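Shown next: structure_33.csv, given as CSV, C-alpha atoms.
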```
chain,number,residue,atom,x,y,z
A,1,ASP,CA,67.5,-50.7,72.8
A,2,GLN,CA,70.9,-52.1,73.9
A,3,GLN,CA,71.8,-51.0,77.4
A,4,VAL,CA,75.4,-52.3,77.3
A,5,LYS,CA,77.4,-51.7,74.2
A,6,GLN,CA,80.7,-53.1,73.1
A,7,ASN,CA,81.2,-51.3,69.8
A,8,SER,CA,84.3,-53.2,68.7
A,9,PRO,CA,83.4,-56.7,67.6
A,10,SER,CA,87.1,-57.6,67.3
A,11,LEU,CA,90.5,-56.5,68.4
A,12,SER,CA,94.0,-57.7,67.4
A,13,VAL,CA,97.0,-56.9,69.6
A,14,GLN,CA,100.6,-58.0,69.6
A,15,GLU,CA,101.9,-60.2,72.4
A,16,GLY,CA,103.4,-58.1,75.2
A,17,ARG,CA,101.4,-55.0,74.3
A,18,ILE,CA,98.4,-53.6,76.0
A,19,SER,CA,94.9,-54.7,75.1
A,20,ILE,CA,92.1,-52.2,75.8
A,21,LEU,CA,88.5,-53.4,75.5
A,22,ASN,CA,85.8,-50.8,75.8
A,23,CYS,CA,82.2,-50.9,77.0
A,24,ASP,CA,79.5,-48.2,77.2
A,25,TYR,CA,76.2,-48.3,79.1
A,26,THR,CA,73.1,-46.3,78.9
A,27,ASN,CA,71.2,-47.2,82.1
A,28,SER,CA,72.2,-44.9,85.0
A,29,MET,CA,70.8,-47.4,87.5
A,30,PHE,CA,73.6,-49.8,86.7
A,31,ASP,CA,76.2,-49.6,89.5
A,32,TYR,CA,78.1,-52.9,89.3
A,33,PHE,CA,80.0,-54.0,86.3
A,34,LEU,CA,81.7,-57.2,85.3
A,35,TRP,CA,83.9,-58.6,82.6
A,36,TYR,CA,83.7,-62.2,81.5
A,37,LYS,CA,86.0,-64.2,79.2
A,38,LYS,CA,84.8,-66.9,77.0
A,39,TYR,CA,86.8,-69.5,75.1
A,40,PRO,CA,85.2,-71.5,72.2
A,41,ALA,CA,83.1,-74.5,73.4
A,42,GLU,CA,83.2,-73.3,77.1
A,43,GLY,CA,80.9,-71.2,79.2
A,44,PRO,CA,81.9,-67.6,80.1
A,45,THR,CA,84.1,-67.3,83.2
A,46,PHE,CA,84.2,-64.3,85.5
A,47,LEU,CA,87.3,-62.2,85.1
A,48,ILE,CA,87.0,-58.9,87.1
A,49,SER,CA,84.4,-56.6,88.4
A,50,ILE,CA,84.0,-53.0,89.7
A,51,SER,CA,81.5,-51.2,91.8
A,52,SER,CA,80.4,-47.7,91.0
A,53,ILE,CA,82.0,-46.4,94.2
A,54,LYS,CA,85.4,-47.1,92.6
A,55,ASP,CA,87.0,-45.9,89.4
A,56,LYS,CA,89.6,-48.6,89.2
A,57,ASN,CA,90.0,-52.2,90.1
A,58,GLU,CA,93.2,-54.2,89.5
A,59,ASP,CA,93.9,-57.9,89.5
A,60,GLY,CA,97.2,-59.0,88.2
A,61,ARG,CA,97.5,-58.2,84.5
A,62,PHE,CA,93.8,-57.1,84.4
A,63,THR,CA,92.6,-53.6,85.3
A,64,VAL,CA,89.1,-52.3,84.9
A,65,PHE,CA,88.5,-48.5,84.8
A,66,LEU,CA,85.1,-46.9,85.3
A,67,ASN,CA,84.1,-43.4,84.2
A,68,LYS,CA,80.6,-43.0,85.6
A,69,SER,CA,80.0,-39.5,84.1
A,70,ALA,CA,80.7,-40.9,80.7
A,71,LYS,CA,79.0,-44.2,81.4
A,72,HIS,CA,82.0,-45.9,80.1
A,73,LEU,CA,84.3,-48.7,81.3
A,74,SER,CA,87.3,-50.3,79.9
A,75,LEU,CA,89.3,-53.5,80.5
A,76,HIS,CA,93.1,-53.2,80.2
A,77,ILE,CA,95.3,-56.3,79.8
A,78,VAL,CA,99.0,-55.7,80.3
A,79,PRO,CA,101.0,-57.4,79.0
A,80,SER,CA,98.8,-59.3,76.6
A,81,GLN,CA,99.5,-63.0,76.1
A,82,PRO,CA,98.3,-65.5,73.4
A,83,GLY,CA,96.3,-67.3,76.0
A,84,ASP,CA,94.2,-64.1,76.4
A,85,SER,CA,92.7,-64.7,73.0
A,86,ALA,CA,89.0,-65.1,73.7
A,87,VAL,CA,85.7,-63.3,73.5
A,88,TYR,CA,85.3,-60.7,76.3
A,89,PHE,CA,81.8,-59.8,77.5
A,90,CYS,CA,81.0,-56.7,79.5
A,91,ALA,CA,78.0,-57.0,81.9
A,92,ALA,CA,76.1,-54.6,84.1
A,93,LEU,CA,73.9,-55.0,87.1
A,94,GLY,CA,71.8,-52.7,89.4
A,95,PHE,CA,72.8,-53.0,93.0
A,96,PRO,CA,71.7,-53.9,95.6
A,97,PHE,CA,70.7,-56.8,93.6
A,98,SER,CA,66.9,-57.2,93.7
A,99,GLY,CA,66.3,-59.8,91.1
A,100,ASN,CA,64.3,-57.4,89.0
A,101,THR,CA,67.4,-56.1,87.3
A,102,PRO,CA,69.1,-59.1,85.6
A,103,LEU,CA,72.7,-59.1,84.5
A,104,VAL,CA,72.8,-57.3,81.1
A,105,PHE,CA,75.5,-58.4,78.7
A,106,GLY,CA,77.2,-56.6,75.8
A,107,LYS,CA,77.6,-58.4,72.5
A,108,GLY,CA,81.2,-59.2,73.2
A,109,THR,CA,84.6,-58.3,71.7
A,110,ARG,CA,86.8,-61.0,70.2
A,111,LEU,CA,90.4,-60.4,71.2
A,112,SER,CA,93.2,-62.0,69.3
A,113,VAL,CA,96.7,-61.7,70.7
A,114,ILE,CA,99.3,-62.3,68.0
A,115,ALA,CA,102.6,-63.9,68.9
B,1,GLU,CA,84.7,-78.7,92.8
B,2,ALA,CA,82.3,-75.9,92.2
B,3,GLN,CA,80.3,-76.7,89.1
B,4,VAL,CA,77.4,-75.8,87.0
B,5,THR,CA,76.5,-78.9,84.9
B,6,GLN,CA,74.3,-78.7,81.8
B,7,ASN,CA,73.0,-81.7,79.8
B,8,PRO,CA,73.0,-82.4,77.0
B,9,ARG,CA,76.0,-80.6,75.5
B,10,TYR,CA,74.7,-81.0,72.0
B,11,LEU,CA,71.2,-81.7,70.7
B,12,ILE,CA,69.6,-81.8,67.3
B,13,THR,CA,65.8,-82.0,67.3
B,14,VAL,CA,62.8,-81.5,65.0
B,15,THR,CA,60.3,-78.7,65.1
B,16,GLY,CA,57.6,-79.2,67.7
B,17,LYS,CA,59.2,-82.0,69.7
B,18,LYS,CA,59.4,-81.1,73.4
B,19,LEU,CA,62.8,-81.1,75.0
B,20,THR,CA,64.4,-80.3,78.3
B,21,VAL,CA,67.9,-79.0,79.0
B,22,THR,CA,68.9,-79.8,82.5
B,23,CYS,CA,71.1,-77.6,84.7
B,24,SER,CA,72.4,-78.4,88.1
B,25,GLN,CA,74.8,-76.6,90.5
B,26,ASN,CA,76.6,-77.8,93.6
B,27,MET,CA,77.3,-74.5,95.3
B,28,ASN,CA,74.0,-74.0,97.1
B,29,HIS,CA,73.4,-70.8,95.1
B,30,GLU,CA,70.1,-69.2,95.3
B,31,TYR,CA,70.2,-67.4,92.0
B,32,MET,CA,70.1,-69.3,88.7
B,33,SER,CA,69.5,-68.2,85.2
B,34,TRP,CA,69.4,-69.2,81.5
B,35,TYR,CA,71.0,-67.3,78.6
B,36,ARG,CA,71.2,-67.8,74.9
B,37,GLN,CA,74.1,-66.7,72.8
B,38,ASP,CA,73.6,-65.8,69.2
B,39,PRO,CA,76.1,-64.3,66.7
B,40,GLY,CA,76.1,-60.6,66.9
B,41,LEU,CA,73.7,-60.5,69.8
B,42,GLY,CA,75.9,-61.5,72.7
B,43,LEU,CA,74.4,-63.2,75.8
B,44,ARG,CA,70.7,-62.6,76.4
B,45,GLN,CA,68.8,-63.7,79.5
B,46,ILE,CA,65.9,-66.0,79.0
B,47,TYR,CA,64.6,-66.7,82.5
B,48,TYR,CA,66.0,-66.4,86.0
B,49,SER,CA,65.2,-67.7,89.5
B,50,MET,CA,65.8,-66.0,92.8
B,51,ASN,CA,65.1,-69.1,94.8
B,52,VAL,CA,63.1,-72.3,94.9
B,53,GLU,CA,59.6,-71.8,93.3
B,54,VAL,CA,60.6,-68.2,92.4
B,55,THR,CA,61.1,-67.6,88.6
B,56,ASP,CA,60.8,-64.6,86.4
B,57,LYS,CA,61.2,-63.6,82.7
B,58,GLY,CA,64.4,-62.3,81.3
B,59,ASP,CA,64.8,-60.5,78.0
B,60,VAL,CA,63.8,-63.2,75.7
B,61,PRO,CA,61.4,-65.6,77.4
B,62,GLU,CA,59.1,-66.4,74.5
B,63,GLY,CA,58.9,-70.1,73.7
B,64,TYR,CA,60.6,-71.2,76.9
B,65,LYS,CA,59.6,-72.5,80.3
B,66,VAL,CA,61.5,-73.1,83.5
B,67,SER,CA,60.9,-74.6,86.9
B,68,ARG,CA,62.8,-74.4,90.2
B,69,LYS,CA,61.5,-77.2,92.4
B,70,GLU,CA,64.8,-77.7,94.1
B,71,LYS,CA,67.6,-75.2,94.8
B,72,ARG,CA,70.2,-77.1,92.8
B,73,ASN,CA,68.2,-77.7,89.6
B,74,PHE,CA,66.9,-75.3,87.0
B,75,PRO,CA,65.7,-77.0,83.8
B,76,LEU,CA,64.9,-75.2,80.6
B,77,ILE,CA,61.9,-76.5,78.8
B,78,LEU,CA,61.0,-76.0,75.1
B,79,GLU,CA,57.5,-77.2,74.7
B,80,SER,CA,57.4,-76.8,71.0
B,81,PRO,CA,60.8,-75.9,69.6
B,82,SER,CA,61.2,-73.9,66.5
B,83,PRO,CA,64.2,-73.2,64.2
B,84,ASN,CA,64.6,-69.7,65.7
B,85,GLN,CA,65.5,-71.4,68.9
B,86,THR,CA,68.6,-72.8,67.4
B,87,SER,CA,71.3,-71.3,69.6
B,88,LEU,CA,73.9,-71.9,72.2
B,89,TYR,CA,72.4,-72.0,75.7
B,90,PHE,CA,74.1,-71.3,79.0
B,91,CYS,CA,73.0,-71.9,82.5
B,92,ALA,CA,74.5,-69.8,85.3
B,93,SER,CA,74.3,-69.7,89.1
B,94,SER,CA,75.5,-67.2,91.7
B,95,GLN,CA,74.8,-66.2,95.3
B,96,GLN,CA,73.9,-62.6,94.6
B,97,GLY,CA,73.3,-62.5,90.8
B,98,ALA,CA,76.7,-61.1,89.9
B,99,ASP,CA,80.0,-63.1,89.6
B,100,ALA,CA,78.1,-65.9,88.1
B,101,PHE,CA,79.4,-69.4,87.4
B,102,PHE,CA,78.4,-70.6,84.0
B,103,GLY,CA,77.9,-74.1,82.6
B,104,GLN,CA,79.7,-75.4,79.6
B,105,GLY,CA,76.8,-74.7,77.3
B,106,THR,CA,74.3,-76.6,75.2
B,107,ARG,CA,74.3,-76.3,71.5
B,108,LEU,CA,70.8,-76.8,70.2
B,109,THR,CA,69.8,-77.2,66.6
B,110,VAL,CA,66.1,-77.3,65.7
B,111,VAL,CA,65.4,-78.5,62.1
```

Would you mind writing the structure in this file as structure tokens?
Amino acid sequence: DQQVKQNSPSLSVQEGRISILNCDYTNSMFDYFLWYKKYPAEGPTFLISISSIKDKNEDGRFTVFLNKSAKHLSLHIVPSQPGDSAVYFCAALGFPFSGNTPLVFGKGTRLSVIA
Amino acid sequence: EAQVTQNPRYLITVTGKKLTVTCSQNMNHEYMSWYRQDPGLGLRQIYYSMNVEVTDKGDVPEGYKVSRKEKRNFPLILESPSPNQTSLYFCASSQQGADAFFGQGTRLTVV
């Protein structure tokens, strides 16, 4: 049973427009969420995170929104740039981290930003 | 420079021939883990380690072993590799389990 779901395997967006990547989770014990970005032939790199005590976290062009009641989070990229084209993974963690709740990843969404 | 280094980057081997993928981090992180990435399945955790001599199974530990004799190193061992272990492997380290630094990946093919 998949605890972290990214239901859109791919997304295409025009340069300059907003990219919205969605993520749903089923485990109510998760209370810390992360987004990773992965380019081909490279390891994932941490992008942005959010704790369950917040509903929004912003870092430059990237904003993550968390809706705890819906067990849903989304990553907004505004404006989208061609260099944002990558696979984005949503991940979740129980906190405080105990080591018994490893980081759980979604399957990823491939974002293509078209010039 | 903060780094997680995996070796080798690419490996082709035959079924049953033992192999080790090394992972080393220079950030003095306590937490390290191994993931495999497969098409349509995302990143799945194989094993993790909270500290030296402390390891535990992740989601897909079958067919793998790990050891954590020193804080900086966390090798992944395949005692008898099989074709279903053909995958892209990532090592990661972090101080608290989140915000992990990942290695560049090891693409393993077992024929």

Q) Do you know which residues are at most 8 Å from stretch 103-105 of chain A counting only C-alpha atoms, after dropping those on the same chain fewer than 2 positions away, and could you put them as JSON, numbers by chain? A) {"A": [3, 4, 89, 90, 91, 92, 93, 101, 107, 108], "B": [42, 43, 44, 45, 97, 98]}

Q: Please identify every residue of chain A that has at least one atom no more than 9 Å from any atom of chain B, counting only C-alpha atoms, and report them as a PyMOL selection string.
A: chain A and resi 9+32-34+36+41-49+89+92-93+97-100+102-108

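The gap separating atom CA of A:Gly83 from atom CA of A:Lys71 is 29.4 Å, in Å to one decimal.
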
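Restricting the calculation to only C-alpha atoms, the smallest distance between A:Trp35 and any of A:Gly16, A:Arg61, A:Lys56, A:Ile50 is found for A:Ile50.
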
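Our summary of the geometry notes that atom CA of A:Gln81 is positioned 26.9 Å from atom CA of B:Ala2.
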
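Close contacts of stretch 24-28 of chain B, defined as residues with an atom at most 8 Å away when counting only C-alpha atoms, with chain neighbours fewer than 3 positions off set aside, comprise Ala2, Gln3, Val4, Thr5, Gln6, Lys71, Arg72, Asn73, Phe74 and Ser93 of chain B.
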
Q | Atomic distance atom CA of B:Asn7 - atom CA of B:Glu79, expressed in Å with one decimal | A | 16.9 Å

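The residue set within 12 Å of B:Thr109, counting all atoms listed in the file and dropping same-chain residues fewer than 5 places from it, reads Arg9, Tyr10, Leu11, Ile12, Thr13, Val14, Thr15, Leu19, Pro81, Ser82, Pro83, Asn84, Gln85, Thr86, Ser87, Leu88 and Tyr89 of chain B.
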
**Q.** Contact residues around A:Ala115 with all atoms listed in the file at 10 Å, ignoring same-chain residues under 6 positions, as an NGL selection string
**A.** :A and (13-16 or 80-82)

Q: Could you pull out every residue with an atom within 6 Å of (89.4, -54.1, 71.0), file coordinates, counting only C-alpha atoms, and send them as a PyMOL selection string?
A: chain A and resi 8+10-11+20-21

Please identify all polymer residues lying at most 6 Å from the point (60.3, -76.5, 92.5) (file coordinates), using all atoms listed in the file, and present the result as a JSON list (two decimals) with C-alpha atoms, in the coordinates of the input.
```json
[["chain", "number", "residue", "atom", "x", "y", "z"],
["B", 52, "VAL", "CA", 63.10, -72.30, 94.90],
["B", 53, "GLU", "CA", 59.60, -71.80, 93.30],
["B", 67, "SER", "CA", 60.90, -74.60, 86.90],
["B", 68, "ARG", "CA", 62.80, -74.40, 90.20],
["B", 69, "LYS", "CA", 61.50, -77.20, 92.40],
["B", 70, "GLU", "CA", 64.80, -77.70, 94.10]]
```

Q: Between A:Tyr39, A:Ser51, A:Asp59, A:Phe65, single out the one closest to A:Tyr88, counting only C-alpha atoms.
A: A:Tyr39
